[in-house]
Structure formats: structure tokens, C-alpha cells
Amino acid sequence: MPIGVIINAVSVAIGGILGALVGNKLNEDFKTKINMIFGACSMAMGIGSIVLMKNMPAVVFSVIIGTALGLAIHLGDRINTAGAGMQKVISKFVKADTSRIPEEEFMATLITVIVLFCSSGTGIYGAIVSGMSGDHSILIAKSILDLFTAMIFACTLGMVVSTIAVPQFVIFLVLFLCAGLIFPMTTPDMINDFKACGGILMLATGFRMIKVKMFPTADMIPAMVLVMPISFFWTTYVLPLVS
């Protein structure tokens with residue numbers, strides 16, 4: 001049962017509705033400071049996953065090679081383009097309130113929100129972990145962050161933010177179901193290394209949220225595909241040679 005996926009989608013929908021109702025009642029200083037807290041929580045979640053790491057060389061290698069691959073194929077740009085296409089579909093069903101900010105800024109912010117909720121490293125990681133092990137804690141923790149994040153963005157963008165819950169649910173559900181097929185082929189060490197890799201992405205996401213360093217988190221996503229095969233290769237073939 002994709003409990004975490006459902007909770008995450010519902011949190012975005014509720015947050016978007018509440019934020020649209022509150023409107024501009026929250027000042028910019030409050031929004032900025034609460035976003036810093038979101039970043040700190042993301043970093044804490046990342047650290048909690050990183051400590052599970054079993055094969056550090058395999059995880060580090062996966063992150064480096066995966067990010068290089070993402071940058072080489074311009075994955076981040078492709079995700080932004082997909083977000084722009086998704087925005088056009090959403091705008092057909094919900095009239096966007098562009099009166100609060102210039103239309104160009106509105107569109108750019110909305111695309112950012114779509115990418116944030118639908119293709120963040122934390123969400124992808126959480127959906128796959130949930131499908132593999134039945135552990136919904138990552139997605140539930142993310143849901144708390146997404147609830148308030150959606151509220152903050154909806155104060156500016158309006159009710160359209162709540163509709164992002166639909167594509168987010170579809171994407172995460174597909175990942176959840178695919179993960180269930182992968183799980184029988186994994187080992188505990190592979191899963192822990194996968195969690196550690198996801199933790200690095202969450203840590204990078206936290207740094208982006210507090211605007212310390214804009215890590216290319218979207219381009220880092222291929223690392224999560226590579227880490228389990230590399231972990232298996234490391235433990236099966238490399239470790240026996242160096243032990």
C-alpha cells in the first residue's frame with residue numbers, strides 16, 4: 001500500500017489550498033526564515049540516511065559518475081522543460097492568479113515548484129525506499145515539509161499549487177510499484193548504500209533551500225540508479241580482492 005505516496009500528495013494539495021486562502025498575509029521575512037528551517041530538516045534527514053552507508057567507495061563513485069552523467073545529458077534542463085509542459089496542462093484546468101507578481105516571474109516560480117514537488121531527489125528516493133522496504137518514514141517526513149512549502153508558494157501563486165499533487169502522485173506511484181519489483185534482487189547492503197546515496201541528495205537539497213550553494217540536485221538523480229549495481233559489484237568482486 002503506497003501510504004507514503006498518498007500522504008505526500010495529500011499534503012501538497014492541502015498546503016496549496018491553505019496557502020491560497022491565506023494569500024499575502026505572511027510577510028517575506030517569515031517565508032524566508034521558515035524556508036531555512038525546511039532546508040535544515042532536509043539536511044538532517046540526509047545525514048540520518050548517510051550514516052547507514054556500508055560501502056563508501058561505491059556510494060561516492062556512484063554520486064560522482066551519476067552526477068557527471070546527469071550533467072552530460074543536461075538532465076536538469078530536461079526536467080525544467082518537462083515542468084514547463086506540465087505547467088501548461090495544469091493551467092488549462094485551474095486559472096492561475098498572476099495579479100500578485102509579474103507573469104514572467106509567476107511562470108518561472110511555478111515551474112520551479114513543479115520540479116521541486118515532482119522530481120526532487122528526496123521524493124524519488126522516498127518513493128523507491130517505500131516500495132522496496134515498506135518504510136514510509138522518508139515520504140512522511142517530506143510530506144510535513146511539502147505541506148508548509150506548498151502553503152508558502154501558494155501564498156504567491158494561488159490555488160494552482162494544489163493541483164501539482166496529481167502529477168506528483170502519478171510519478172511517485174510508478175516509482176513505488178517499480179521498486180517493489182526490484183527489491184527481491186537486492187541485498188541489505190545494497191539498500192543501505194542506496195539510502196546513503198539518497199541522503200547525499202537530501203543534504204544537497206538542504207543546502208539549496210538555505211541558498212548556501214546551488215547544488216545540481218536534478219543532475220544528481222542518475223546516481224540513485226547506479227548505486228545499487230555498483231554496490232553489488234563492489235561487494236561481490238572488488239572487496240574479495242582487497243580483503
# chains A, B, ... in the order shown; residues from 1 in each chain; ligands from 1

$ residues_around --residues "A:Val227" --least-positions-apart "3" --cutoff "6 Å" --atoms "only C-alpha atoms" --output "ChimeraX atom specification"
/A:62,194,223-224,230-231

$ residues_around --residues "A:Val161" --least-positions-apart "6" --cutoff "10 Å" --atoms "only C-alpha atoms" --output "list in words"
Val12, Ala13, Ile14, Gly15, Gly16, Ile17, Gly19, Ala20, Ile90, Val94, Ala96, Leu110, Val113, Ile114, Phe117, Ala150, Met151, Ile152, Phe153, Ala154 and Cys155 of chain A

$ residues_around --residues "stretch 129-146 of chain A" --least-positions-apart "5" --cutoff "7 Å" --atoms "only C-alpha atoms" --output "list in words"
Ile3, Gly4, Val5, Ile7, Asn8, Ser11, Val12, Phe38, Gly123, Phe176, Leu177, Ala179, Gly180 and Phe183 of chain A

$ residues_around --residues "stretch 63-72 of chain A" --least-positions-apart "3" --cutoff "9 Å" --atoms "only C-alpha atoms" --output "list in words"
Ala58, Val59, Val60, Leu75, Gly76, Cys197, Ile200, Leu201, Pro216, Thr217, Ala218, Asp219, Met220, Ile221, Pro222, Ala223, Met224, Val225, Leu226 and Val227 of chain A

$ write_last_selection --atoms "C-alpha atoms" --output "PDB file, in the first residue's frame"
ATOM      1  CA  ALA A  58      30.777   2.516  -4.083  1.00  0.00           C
ATOM      2  CA  VAL A  59      28.475   5.321  -2.917  1.00  0.00           C
ATOM      3  CA  VAL A  60      30.988   8.094  -3.615  1.00  0.00           C
ATOM      4  CA  LEU A  75      19.031  16.187 -17.129  1.00  0.00           C
ATOM      5  CA  GLY A  76      18.295  19.242 -15.008  1.00  0.00           C
ATOM      6  CA  CYS A 197      23.167   7.950  -1.797  1.00  0.00           C
ATOM      7  CA  ILE A 200      23.598  12.877  -0.066  1.00  0.00           C
ATOM      8  CA  LEU A 201      20.946  14.221  -2.438  1.00  0.00           C
ATOM      9  CA  PRO A 216      22.705  20.448  -9.269  1.00  0.00           C
ATOM     10  CA  THR A 217      20.362  18.072  -7.450  1.00  0.00           C
ATOM     11  CA  ALA A 218      18.327  17.209 -10.561  1.00  0.00           C
ATOM     12  CA  ASP A 219      21.522  16.224 -12.369  1.00  0.00           C
ATOM     13  CA  MET A 220      22.486  14.049  -9.380  1.00  0.00           C
ATOM     14  CA  ILE A 221      19.439  11.772  -9.795  1.00  0.00           C
ATOM     15  CA  PRO A 222      21.216   9.187 -12.050  1.00  0.00           C
ATOM     16  CA  ALA A 223      23.404   8.332  -9.056  1.00  0.00           C
ATOM     17  CA  MET A 224      20.389   6.662  -7.466  1.00  0.00           C
ATOM     18  CA  VAL A 225      20.073   4.370 -10.488  1.00  0.00           C
ATOM     19  CA  LEU A 226      23.749   3.438 -10.450  1.00  0.00           C
ATOM     20  CA  VAL A 227      24.402   2.994  -6.743  1.00  0.00           C
TER      21      VAL A 227
END

$ select_by_dssp --residues "stretch 25-243 of chain A" --states "alpha helix (DSSP H)" --output "ChimeraX atom specification"
/A:28-50,56-72,75-93,103-118,121-133,137-157,165-182,188-209,222-233,239-242

$ atom_distance --atom1 "atom CA of A:Asn35" --atom2 "atom CA of A:Arg208"
10.4 Å

$ residues_around --residues "A:Lys213" --least-positions-apart "4" --cutoff "12 Å" --atoms "only C-alpha atoms" --output "PyMOL selection string"
chain A and resi 39+203-209+217

$ atom_distance --atom1 "atom CA of A:Val10" --atom2 "atom CA of A:Val166"
9.2 Å

$ closest_residue --among "A:Leu18, A:Ala165, A:Leu181, A:Ile34" --to "A:Met86" --atoms "only C-alpha atoms"
A:Ala165

$ closest_residue --among "A:Gln168, A:Val242, A:Phe215, A:Thr156" --to "A:Lys31" --atoms "only C-alpha atoms"
A:Thr156
